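query-v2.pdb follows (PDB, C-alpha atoms and all ligand atoms):
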```pdb
ATOM      1  CA  MET L   1       3.746  16.116 -20.058  1.00  0.00           C
ATOM      2  CA  ASN L   2       6.402  13.441 -20.618  1.00  0.00           C
ATOM      3  CA  SER L   3       5.603   9.819 -21.274  1.00  0.00           C
ATOM      4  CA  ASN L   4       6.860   8.747 -17.833  1.00  0.00           C
ATOM      5  CA  CYS L   5       4.093  10.562 -16.045  1.00  0.00           C
ATOM      6  CA  MET L   6       1.471   8.670 -18.094  1.00  0.00           C
ATOM      7  CA  ARG L   7       3.007   5.303 -17.294  1.00  0.00           C
ATOM      8  CA  LEU L   8       1.085   3.219 -14.754  1.00  0.00           C
ATOM      9  CA  GLU L   9       2.738   0.634 -12.578  1.00  0.00           C
ATOM     10  CA  PHE L  10       0.424  -1.799 -10.788  1.00  0.00           C
ATOM     11  CA  ALA L  11       1.566  -3.298  -7.476  1.00  0.00           C
ATOM     12  CA  GLN L  12       1.636  -7.094  -7.370  1.00  0.00           C
ATOM     13  CA  GLY L  13      -1.823  -8.653  -7.598  1.00  0.00           C
ATOM     14  CA  VAL L  14      -3.619  -5.343  -8.159  1.00  0.00           C
ATOM     15  CA  TRP L  15      -4.239  -5.707 -11.906  1.00  0.00           C
ATOM     16  CA  THR L  16      -5.756  -9.176 -11.588  1.00  0.00           C
ATOM     17  CA  GLY L  17      -7.731  -8.261  -8.467  1.00  0.00           C
ATOM     18  CA  LEU L  18      -9.091  -5.125 -10.147  1.00  0.00           C
ATOM     19  CA  MET L  19     -10.189  -6.967 -13.293  1.00  0.00           C
ATOM     20  CA  ASP L  20     -11.874  -9.708 -11.215  1.00  0.00           C
ATOM     21  CA  ASP L  21     -13.679  -7.052  -9.174  1.00  0.00           C
ATOM     22  CA  LEU L  22     -14.867  -5.074 -12.234  1.00  0.00           C
ATOM     23  CA  ARG L  23     -16.108  -8.295 -13.851  1.00  0.00           C
ATOM     24  CA  ARG L  24     -17.940  -9.369 -10.693  1.00  0.00           C
ATOM     25  CA  ARG L  25     -19.585  -5.961 -10.112  1.00  0.00           C
ATOM     26  CA  GLY L  26     -20.762  -5.674 -13.721  1.00  0.00           C
ATOM     27  CA  ARG L  27     -22.039  -9.291 -13.816  1.00  0.00           C
ATOM     28  CA  GLY L  28     -21.489  -9.307 -17.555  1.00  0.00           C
ATOM     29  CA  GLN L  29     -24.457  -6.950 -17.913  1.00  0.00           C
ATOM     30  CA  ARG L  30     -23.446  -3.426 -17.061  1.00  0.00           C
ATOM     31  CA  GLU L  31     -20.502  -1.086 -16.876  1.00  0.00           C
ATOM     32  CA  SER L  32     -18.519  -0.909 -13.665  1.00  0.00           C
ATOM     33  CA  GLY L  33     -15.628   1.320 -12.694  1.00  0.00           C
ATOM     34  CA  ALA L  34     -13.195   2.455 -10.049  1.00  0.00           C
ATOM     35  CA  PHE L  35     -10.642   5.063  -9.149  1.00  0.00           C
ATOM     36  CA  LEU L  36      -7.074   3.794  -9.031  1.00  0.00           C
ATOM     37  CA  LEU L  37      -5.322   5.088  -5.931  1.00  0.00           C
ATOM     38  CA  GLY L  38      -1.620   5.315  -5.253  1.00  0.00           C
ATOM     39  CA  GLU L  39       1.186   7.777  -5.832  1.00  0.00           C
ATOM     40  CA  ILE L  40       2.166  10.002  -8.719  1.00  0.00           C
ATOM     41  CA  ARG L  41       5.939  10.349  -8.894  1.00  0.00           C
ATOM     42  CA  ASP L  42       8.297  11.756 -11.530  1.00  0.00           C
ATOM     43  CA  THR L  43       8.991   8.213 -12.685  1.00  0.00           C
ATOM     44  CA  GLY L  44       5.364   7.192 -13.158  1.00  0.00           C
ATOM     45  CA  ARG L  45       1.999   6.557 -11.584  1.00  0.00           C
ATOM     46  CA  PHE L  46       2.006   3.787  -8.987  1.00  0.00           C
ATOM     47  CA  VAL L  47      -1.281   1.991  -8.396  1.00  0.00           C
ATOM     48  CA  HIS L  48      -1.613   0.539  -4.884  1.00  0.00           C
ATOM     49  CA  THR L  49      -5.328  -0.149  -4.747  1.00  0.00           C
ATOM     50  CA  TRP L  50      -8.690   0.772  -6.222  1.00  0.00           C
ATOM     51  CA  LEU L  51     -11.966   2.223  -5.008  1.00  0.00           C
ATOM     52  CA  PRO L  52     -15.097   1.028  -6.875  1.00  0.00           C
ATOM     53  CA  TYR L  53     -17.570   3.705  -7.968  1.00  0.00           C
ATOM     54  CA  ASP L  54     -20.517   1.862  -6.453  1.00  0.00           C
ATOM     55  CA  GLU L  55     -18.828   1.899  -3.027  1.00  0.00           C
ATOM     56  CA  LEU L  56     -18.566   5.688  -3.251  1.00  0.00           C
ATOM     57  CA  ASP L  57     -22.059   6.107  -4.649  1.00  0.00           C
ATOM     58  CA  PRO L  58     -24.455   3.125  -4.756  1.00  0.00           C
ATOM     59  CA  GLY L  59     -26.530   4.955  -7.398  1.00  0.00           C
ATOM     60  CA  SER L  60     -23.575   5.518  -9.710  1.00  0.00           C
ATOM     61  CA  LEU L  61     -24.237   2.574 -11.996  1.00  0.00           C
ATOM     62  CA  ALA L  62     -27.938   3.212 -12.525  1.00  0.00           C
ATOM     63  CA  TYR L  63     -27.386   5.397 -15.585  1.00  0.00           C
ATOM     64  CA  ALA L  64     -26.430   4.569 -19.146  1.00  0.00           C
ATOM     65  CA  TYR L  65     -22.946   5.760 -18.262  1.00  0.00           C
ATOM     66  CA  VAL L  66     -21.263   6.230 -14.912  1.00  0.00           C
ATOM     67  CA  ARG L  67     -22.057   9.429 -13.037  1.00  0.00           C
ATOM     68  CA  LEU L  68     -20.921  10.234  -9.537  1.00  0.00           C
ATOM     69  CA  SER L  69     -22.622  12.579  -7.104  1.00  0.00           C
ATOM     70  CA  SER L  70     -20.656  15.431  -5.537  1.00  0.00           C
ATOM     71  CA  ASP L  71     -20.936  13.515  -2.221  1.00  0.00           C
ATOM     72  CA  ALA L  72     -18.992  10.692  -3.854  1.00  0.00           C
ATOM     73  CA  PHE L  73     -16.134  13.071  -4.633  1.00  0.00           C
ATOM     74  CA  THR L  74     -16.188  14.412  -1.074  1.00  0.00           C
ATOM     75  CA  LYS L  75     -15.837  10.798   0.150  1.00  0.00           C
ATOM     76  CA  LEU L  76     -13.112  10.099  -2.393  1.00  0.00           C
ATOM     77  CA  TRP L  77     -10.974  13.047  -1.263  1.00  0.00           C
ATOM     78  CA  ALA L  78     -11.489  12.124   2.417  1.00  0.00           C
ATOM     79  CA  ILE L  79     -10.377   8.517   1.793  1.00  0.00           C
ATOM     80  CA  CYS L  80      -7.319   9.728  -0.131  1.00  0.00           C
ATOM     81  CA  ALA L  81      -6.388  12.146   2.658  1.00  0.00           C
ATOM     82  CA  ASP L  82      -6.873   9.490   5.381  1.00  0.00           C
ATOM     83  CA  HIS L  83      -4.644   6.982   3.590  1.00  0.00           C
ATOM     84  CA  GLY L  84      -2.115   9.384   2.062  1.00  0.00           C
ATOM     85  CA  LEU L  85      -3.079   8.292  -1.461  1.00  0.00           C
ATOM     86  CA  GLN L  86      -3.653  10.160  -4.719  1.00  0.00           C
ATOM     87  CA  VAL L  87      -6.050   9.400  -7.556  1.00  0.00           C
ATOM     88  CA  VAL L  88      -3.672   8.142 -10.230  1.00  0.00           C
ATOM     89  CA  ALA L  89      -6.268   7.147 -12.854  1.00  0.00           C
ATOM     90  CA  ASP L  90      -9.785   5.877 -13.312  1.00  0.00           C
ATOM     91  CA  VAL L  91     -10.985   2.713 -15.010  1.00  0.00           C
ATOM     92  CA  HIS L  92     -14.331   1.493 -16.321  1.00  0.00           C
ATOM     93  CA  THR L  93     -15.653  -1.306 -18.460  1.00  0.00           C
ATOM     94  CA  HIS L  94     -17.518  -1.247 -21.762  1.00  0.00           C
ATOM     95  CA  PRO L  95     -19.752  -3.961 -23.239  1.00  0.00           C
ATOM     96  CA  LEU L  96     -17.736  -4.182 -26.479  1.00  0.00           C
ATOM     97  CA  GLY L  97     -14.491  -2.482 -27.444  1.00  0.00           C
ATOM     98  CA  PRO L  98     -12.164  -0.286 -25.373  1.00  0.00           C
ATOM     99  CA  GLY L  99     -12.716   2.963 -27.317  1.00  0.00           C
ATOM    100  CA  GLN L 100     -14.011   6.054 -25.530  1.00  0.00           C
ATOM    101  CA  SER L 101     -17.666   6.949 -26.012  1.00  0.00           C
ATOM    102  CA  PRO L 102     -18.668  10.556 -26.765  1.00  0.00           C
ATOM    103  CA  SER L 103     -19.807  10.890 -23.132  1.00  0.00           C
ATOM    104  CA  ASP L 104     -16.444   9.569 -21.868  1.00  0.00           C
ATOM    105  CA  GLN L 105     -14.705  12.228 -23.944  1.00  0.00           C
ATOM    106  CA  ALA L 106     -17.056  14.992 -22.867  1.00  0.00           C
ATOM    107  CA  ASN L 107     -17.107  14.078 -19.149  1.00  0.00           C
ATOM    108  CA  PRO L 108     -13.688  13.201 -17.735  1.00  0.00           C
ATOM    109  CA  MET L 109     -14.097  11.847 -14.182  1.00  0.00           C
ATOM    110  CA  ILE L 110     -11.354  14.260 -13.145  1.00  0.00           C
ATOM    111  CA  GLY L 111     -11.066  17.207 -15.502  1.00  0.00           C
ATOM    112  CA  LEU L 112      -7.389  17.918 -15.025  1.00  0.00           C
ATOM    113  CA  PRO L 113      -4.896  17.683 -17.886  1.00  0.00           C
ATOM    114  CA  GLY L 114      -2.758  14.583 -17.400  1.00  0.00           C
ATOM    115  CA  HIS L 115      -5.567  12.551 -15.801  1.00  0.00           C
ATOM    116  CA  VAL L 116      -5.595   8.993 -17.146  1.00  0.00           C
ATOM    117  CA  ALA L 117      -8.756   6.968 -17.917  1.00  0.00           C
ATOM    118  CA  ILE L 118      -8.510   3.250 -18.727  1.00  0.00           C
ATOM    119  CA  ILE L 119     -11.310   1.443 -20.564  1.00  0.00           C
ATOM    120  CA  VAL L 120     -11.647  -2.327 -20.337  1.00  0.00           C
ATOM    121  CA  PRO L 121     -13.591  -4.139 -23.095  1.00  0.00           C
ATOM    122  CA  ARG L 122     -16.282  -6.856 -22.776  1.00  0.00           C
ATOM    123  CA  PHE L 123     -17.164  -6.025 -19.143  1.00  0.00           C
ATOM    124  CA  ALA L 124     -13.684  -7.324 -18.179  1.00  0.00           C
ATOM    125  CA  ALA L 125     -14.526 -10.880 -19.284  1.00  0.00           C
ATOM    126  CA  GLY L 126     -11.715 -13.396 -19.664  1.00  0.00           C
ATOM    127  CA  ASN L 127      -8.065 -12.790 -18.899  1.00  0.00           C
ATOM    128  CA  VAL L 128      -7.703  -9.048 -19.540  1.00  0.00           C
ATOM    129  CA  ARG L 129      -4.183  -8.019 -20.504  1.00  0.00           C
ATOM    130  CA  PRO L 130      -2.818  -4.448 -20.858  1.00  0.00           C
ATOM    131  CA  GLU L 131      -2.886  -4.718 -24.660  1.00  0.00           C
ATOM    132  CA  ASN L 132      -6.676  -5.296 -24.522  1.00  0.00           C
ATOM    133  CA  VAL L 133      -7.515  -1.963 -22.865  1.00  0.00           C
ATOM    134  CA  SER L 134      -7.257   1.672 -23.898  1.00  0.00           C
ATOM    135  CA  VAL L 135      -5.205   4.207 -21.931  1.00  0.00           C
ATOM    136  CA  ASN L 136      -6.611   7.689 -22.455  1.00  0.00           C
ATOM    137  CA  THR L 137      -4.831  10.782 -21.196  1.00  0.00           C
ATOM    138  CA  TYR L 138      -6.808  13.962 -20.775  1.00  0.00           C
ATOM    139  CA  LEU L 139      -5.240  16.955 -22.497  1.00  0.00           C
ATOM    140  CA  GLY L 140      -7.862  19.496 -21.426  1.00  0.00           C
ATOM    141  CA  GLU L 141     -10.680  21.127 -23.384  1.00  0.00           C
ATOM    142  CA  LYS L 142     -12.346  17.752 -24.115  1.00  0.00           C
ATOM    143  CA  ARG L 143      -9.281  16.520 -25.975  1.00  0.00           C
ATOM    144  CA  TRP L 144      -7.593  13.185 -25.226  1.00  0.00           C
ATOM    145  CA  GLN L 145      -4.587  11.201 -26.285  1.00  0.00           C
ATOM    146  CA  ASN L 146      -5.642   7.572 -26.839  1.00  0.00           C
ATOM    147  CA  ALA L 147      -3.401   4.501 -26.700  1.00  0.00           C
ATOM    148  CA  PHE L 148      -4.535   1.020 -27.780  1.00  0.00           C
ATOM    149  CA  GLY L 149      -2.887  -2.376 -28.228  1.00  0.00           C
ATOM    150  CA  ALA L 150       0.919  -2.314 -28.034  1.00  0.00           C
ATOM    151  CA  ALA L 151       0.871   1.421 -27.228  1.00  0.00           C
ATOM    152  CA  ALA L 152      -1.458   0.780 -24.258  1.00  0.00           C
ATOM    153  CA  ALA L 153       0.688  -2.153 -23.076  1.00  0.00           C
ATOM    154  CA  GLU L 154       3.719   0.130 -23.162  1.00  0.00           C
ATOM    155  CA  LEU L 155       2.055   2.435 -20.607  1.00  0.00           C
ATOM    156  CA  ILE L 156       1.071  -0.335 -18.155  1.00  0.00           C
ATOM    157  CA  LYS L 157       3.563  -2.240 -16.065  1.00  0.00           C
ATOM    158  CA  ILE L 158       2.418  -5.057 -13.798  1.00  0.00           C
ATOM    159  CA  SER L 159       4.761  -5.862 -10.918  1.00  0.00           C
ATOM    160  CA  GLY L 160       5.350  -9.548 -10.327  1.00  0.00           C
ATOM    161  CA  GLY L 161       3.714 -10.390 -13.636  1.00  0.00           C
ATOM    162  CA  SER L 162       0.066 -10.428 -12.544  1.00  0.00           C
TER     163      SER L 162
HETATM  164 ZN    ZN L 201     -17.269   4.640 -21.212  1.00  0.00          ZN
END
```
Is it possible to express this structure as structure tokens?
Ligand SMILES: [Zn+2]
Amino acid sequence: MNSNCMRLEFAQGVWTGLMDDLRRRGRGQRESGAFLLGEIRDTGRFVHTWLPYDELDPGSLAYAYVRLSSDAFTKLWAICADHGLQVVADVHTHPLGPGQSPSDQANPMIGLPGHVAIIVPRFAAGNVRPENVSVNTYLGEKRWQNAFGAAAAELIKISGGS
């Protein structure tokens, strides 16, 4: 796995729109999350849009941490196929810092090596920048590579600056 394939490039407006949406759905009180959809190319992962967990499964946010039903995954794959998109990463918020919880580490949303999970601190309050989040790459067998701060910012490119 080279570092290019972990790099995420957000289309113009997608980063800001995603953070606003996560903040709104969590209402400052609970975790919210989404799959990031786009294309995986040799040169990186391109994020075109996002699909909130609670649109796939209205019950998904009722637990202490996000769980999705198997129906939600069936819907996810159908939406990807209809629109010619791939799941390039997932993202969810935490009440405090951006570090992975034990359940995040034990339960990757997509259990394939190379899958990327972003965690946004403080329920996405304020103006969230790439250096505020963590970028966690699944290595398989419950192991992850974690990037924070400048290392996280290095993996996230925002087209058009926002
Ligand atoms: Zn978490």
Quick one: pull the distance between CA of Gly44 (chain L) and CA of Ile118 (chain L), Å, one decimal. 15.5 Å
Any residue with an atom at most 12 Å from ligand ZN 201 (chain L) counts, using only C-alpha atoms and all ligand atoms. Which are they? Put them as a ChimeraX atom specification. /L:30-33,61,63-67,90-109,117-123,133-134,136
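Distances to Trp15 (chain L) were evaluated for L:Ala72, L:Ala150, L:Ala34, L:Val128 using only C-alpha atoms, and the minimum falls at L:Val128.
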What's around Asn127 (chain L) at 10 Å? Count all atoms listed in the file, leave out sequence neighbours fewer than 6 positions away in its own chain, and write the answer as a PyMOL selection string. chain L and resi 16+19-20
Who sits within 12 Å of Val88 (chain L), only C-alpha atoms, same chain under 3 positions skipped, as a PDB file with C-alpha atoms, in the frame of the given file:
```
ATOM      1  CA  CYS L   5       4.093  10.562 -16.045  1.00  0.00           C
ATOM      2  CA  MET L   6       1.471   8.670 -18.094  1.00  0.00           C
ATOM      3  CA  ARG L   7       3.007   5.303 -17.294  1.00  0.00           C
ATOM      4  CA  LEU L   8       1.085   3.219 -14.754  1.00  0.00           C
ATOM      5  CA  GLU L   9       2.738   0.634 -12.578  1.00  0.00           C
ATOM      6  CA  PHE L  10       0.424  -1.799 -10.788  1.00  0.00           C
ATOM      7  CA  ALA L  34     -13.195   2.455 -10.049  1.00  0.00           C
ATOM      8  CA  PHE L  35     -10.642   5.063  -9.149  1.00  0.00           C
ATOM      9  CA  LEU L  36      -7.074   3.794  -9.031  1.00  0.00           C
ATOM     10  CA  LEU L  37      -5.322   5.088  -5.931  1.00  0.00           C
ATOM     11  CA  GLY L  38      -1.620   5.315  -5.253  1.00  0.00           C
ATOM     12  CA  GLU L  39       1.186   7.777  -5.832  1.00  0.00           C
ATOM     13  CA  ILE L  40       2.166  10.002  -8.719  1.00  0.00           C
ATOM     14  CA  ARG L  41       5.939  10.349  -8.894  1.00  0.00           C
ATOM     15  CA  GLY L  44       5.364   7.192 -13.158  1.00  0.00           C
ATOM     16  CA  ARG L  45       1.999   6.557 -11.584  1.00  0.00           C
ATOM     17  CA  PHE L  46       2.006   3.787  -8.987  1.00  0.00           C
ATOM     18  CA  VAL L  47      -1.281   1.991  -8.396  1.00  0.00           C
ATOM     19  CA  HIS L  48      -1.613   0.539  -4.884  1.00  0.00           C
ATOM     20  CA  THR L  49      -5.328  -0.149  -4.747  1.00  0.00           C
ATOM     21  CA  TRP L  50      -8.690   0.772  -6.222  1.00  0.00           C
ATOM     22  CA  LEU L  51     -11.966   2.223  -5.008  1.00  0.00           C
ATOM     23  CA  CYS L  80      -7.319   9.728  -0.131  1.00  0.00           C
ATOM     24  CA  LEU L  85      -3.079   8.292  -1.461  1.00  0.00           C
ATOM     25  CA  VAL L  91     -10.985   2.713 -15.010  1.00  0.00           C
ATOM     26  CA  MET L 109     -14.097  11.847 -14.182  1.00  0.00           C
ATOM     27  CA  ILE L 110     -11.354  14.260 -13.145  1.00  0.00           C
ATOM     28  CA  LEU L 112      -7.389  17.918 -15.025  1.00  0.00           C
ATOM     29  CA  GLY L 114      -2.758  14.583 -17.400  1.00  0.00           C
ATOM     30  CA  HIS L 115      -5.567  12.551 -15.801  1.00  0.00           C
ATOM     31  CA  VAL L 116      -5.595   8.993 -17.146  1.00  0.00           C
ATOM     32  CA  ALA L 117      -8.756   6.968 -17.917  1.00  0.00           C
ATOM     33  CA  ILE L 118      -8.510   3.250 -18.727  1.00  0.00           C
ATOM     34  CA  THR L 137      -4.831  10.782 -21.196  1.00  0.00           C
TER      35      THR L 137
END
```
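Between CA of Gly111 (chain L) and CA of Leu68 (chain L) the interatomic distance comes to 13.5 Å.
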Starting from the PyMOL selection byres (((chain L and resi 57) around 10) and not hetatm), expand the selection into actual residues of this file and give them as an mmCIF file with C-alpha atoms, in the coordinates of the input.
```
data_model
loop_
_atom_site.group_PDB
_atom_site.id
_atom_site.type_symbol
_atom_site.label_atom_id
_atom_site.label_comp_id
_atom_site.auth_asym_id
_atom_site.auth_seq_id
_atom_site.Cartn_x
_atom_site.Cartn_y
_atom_site.Cartn_z
ATOM 1 C CA PRO L 52 -15.097 1.028 -6.875
ATOM 2 C CA TYR L 53 -17.570 3.705 -7.968
ATOM 3 C CA ASP L 54 -20.517 1.862 -6.453
ATOM 4 C CA GLU L 55 -18.828 1.899 -3.027
ATOM 5 C CA LEU L 56 -18.566 5.688 -3.251
ATOM 6 C CA PRO L 58 -24.455 3.125 -4.756
ATOM 7 C CA GLY L 59 -26.530 4.955 -7.398
ATOM 8 C CA SER L 60 -23.575 5.518 -9.710
ATOM 9 C CA LEU L 61 -24.237 2.574 -11.996
ATOM 10 C CA ARG L 67 -22.057 9.429 -13.037
ATOM 11 C CA LEU L 68 -20.921 10.234 -9.537
ATOM 12 C CA SER L 69 -22.622 12.579 -7.104
ATOM 13 C CA SER L 70 -20.656 15.431 -5.537
ATOM 14 C CA ASP L 71 -20.936 13.515 -2.221
ATOM 15 C CA ALA L 72 -18.992 10.692 -3.854
ATOM 16 C CA PHE L 73 -16.134 13.071 -4.633
ATOM 17 C CA LYS L 75 -15.837 10.798 0.150
#
```
Expressed in Å, the length from CA of Ala151 (chain L) to CA of Glu131 (chain L) is 7.6 Å
Mind giving me the axis-aligned box for region 20-23 of chain L with 4 Å on every side, centre plus edges in Å to one decimal, as AutoDock Vina command-line options?
```
--center_x -14.0 --center_y -7.4 --center_z -11.5 --size_x 12.2 --size_y 12.6 --size_z 12.7
```
Across L:Ala125, L:Ala78, L:His83, L:Gln12, the smallest distance to Gly28 (chain L), with only C-alpha atoms counted, is shown by L:Ala125
Every residue with an atom at most 9 Å from (-0.1, -5.7, -19.6) (file coordinates; all atoms listed in the file) is what I'm after, so could you write them as a VMD selection string? chain L and resid 15 128 to 133 152 to 158 161 to 162
Could you pull region 14-53 of chain L out of the structure I just pasted and write it to a file containing C-alpha atoms, as a PDB file, in the first residue's frame?
```pdb
ATOM      1  CA  VAL L  14     -17.589  18.624  -0.315  1.00  0.00           C
ATOM      2  CA  TRP L  15     -15.446  18.971   2.824  1.00  0.00           C
ATOM      3  CA  THR L  16     -17.383  21.965   4.136  1.00  0.00           C
ATOM      4  CA  GLY L  17     -20.750  20.489   3.156  1.00  0.00           C
ATOM      5  CA  LEU L  18     -19.885  17.185   4.842  1.00  0.00           C
ATOM      6  CA  MET L  19     -18.780  18.831   8.094  1.00  0.00           C
ATOM      7  CA  ASP L  20     -21.928  21.011   8.171  1.00  0.00           C
ATOM      8  CA  ASP L  21     -24.080  17.927   7.593  1.00  0.00           C
ATOM      9  CA  LEU L  22     -22.352  15.839  10.303  1.00  0.00           C
ATOM     10  CA  ARG L  23     -22.690  18.731  12.763  1.00  0.00           C
ATOM     11  CA  ARG L  24     -26.374  19.218  11.941  1.00  0.00           C
ATOM     12  CA  ARG L  25     -27.242  15.498  12.180  1.00  0.00           C
ATOM     13  CA  GLY L  26     -25.450  15.074  15.512  1.00  0.00           C
ATOM     14  CA  ARG L  27     -26.961  18.285  16.974  1.00  0.00           C
ATOM     15  CA  GLY L  28     -23.957  18.572  19.250  1.00  0.00           C
ATOM     16  CA  GLN L  29     -25.274  15.592  21.219  1.00  0.00           C
ATOM     17  CA  ARG L  30     -24.495  12.380  19.417  1.00  0.00           C
ATOM     18  CA  GLU L  31     -22.158  10.803  16.921  1.00  0.00           C
ATOM     19  CA  SER L  32     -23.028  10.982  13.249  1.00  0.00           C
ATOM     20  CA  GLY L  33     -21.303   9.470  10.249  1.00  0.00           C
ATOM     21  CA  ALA L  34     -21.281   8.848   6.532  1.00  0.00           C
ATOM     22  CA  PHE L  35     -19.661   6.891   3.762  1.00  0.00           C
ATOM     23  CA  LEU L  36     -17.554   8.967   1.394  1.00  0.00           C
ATOM     24  CA  LEU L  37     -18.287   8.012  -2.199  1.00  0.00           C
ATOM     25  CA  GLY L  38     -16.191   8.647  -5.267  1.00  0.00           C
ATOM     26  CA  GLU L  39     -13.386   6.947  -7.142  1.00  0.00           C
ATOM     27  CA  ILE L  40     -10.251   5.130  -6.086  1.00  0.00           C
ATOM     28  CA  ARG L  41      -7.483   5.698  -8.616  1.00  0.00           C
ATOM     29  CA  ASP L  42      -3.743   4.993  -8.573  1.00  0.00           C
ATOM     30  CA  THR L  43      -3.146   8.641  -7.731  1.00  0.00           C
ATOM     31  CA  GLY L  44      -5.490   8.786  -4.747  1.00  0.00           C
ATOM     32  CA  ARG L  45      -9.020   8.542  -3.450  1.00  0.00           C
ATOM     33  CA  PHE L  46     -11.383  11.134  -4.905  1.00  0.00           C
ATOM     34  CA  VAL L  47     -14.395  12.072  -2.801  1.00  0.00           C
ATOM     35  CA  HIS L  48     -17.376  13.270  -4.857  1.00  0.00           C
ATOM     36  CA  THR L  49     -20.145  13.048  -2.292  1.00  0.00           C
ATOM     37  CA  TRP L  50     -21.225  11.410   0.946  1.00  0.00           C
ATOM     38  CA  LEU L  51     -24.033   9.175   2.140  1.00  0.00           C
ATOM     39  CA  PRO L  52     -25.092   9.660   5.796  1.00  0.00           C
ATOM     40  CA  TYR L  53     -25.490   6.514   7.899  1.00  0.00           C
TER      41      TYR L  53
END
```
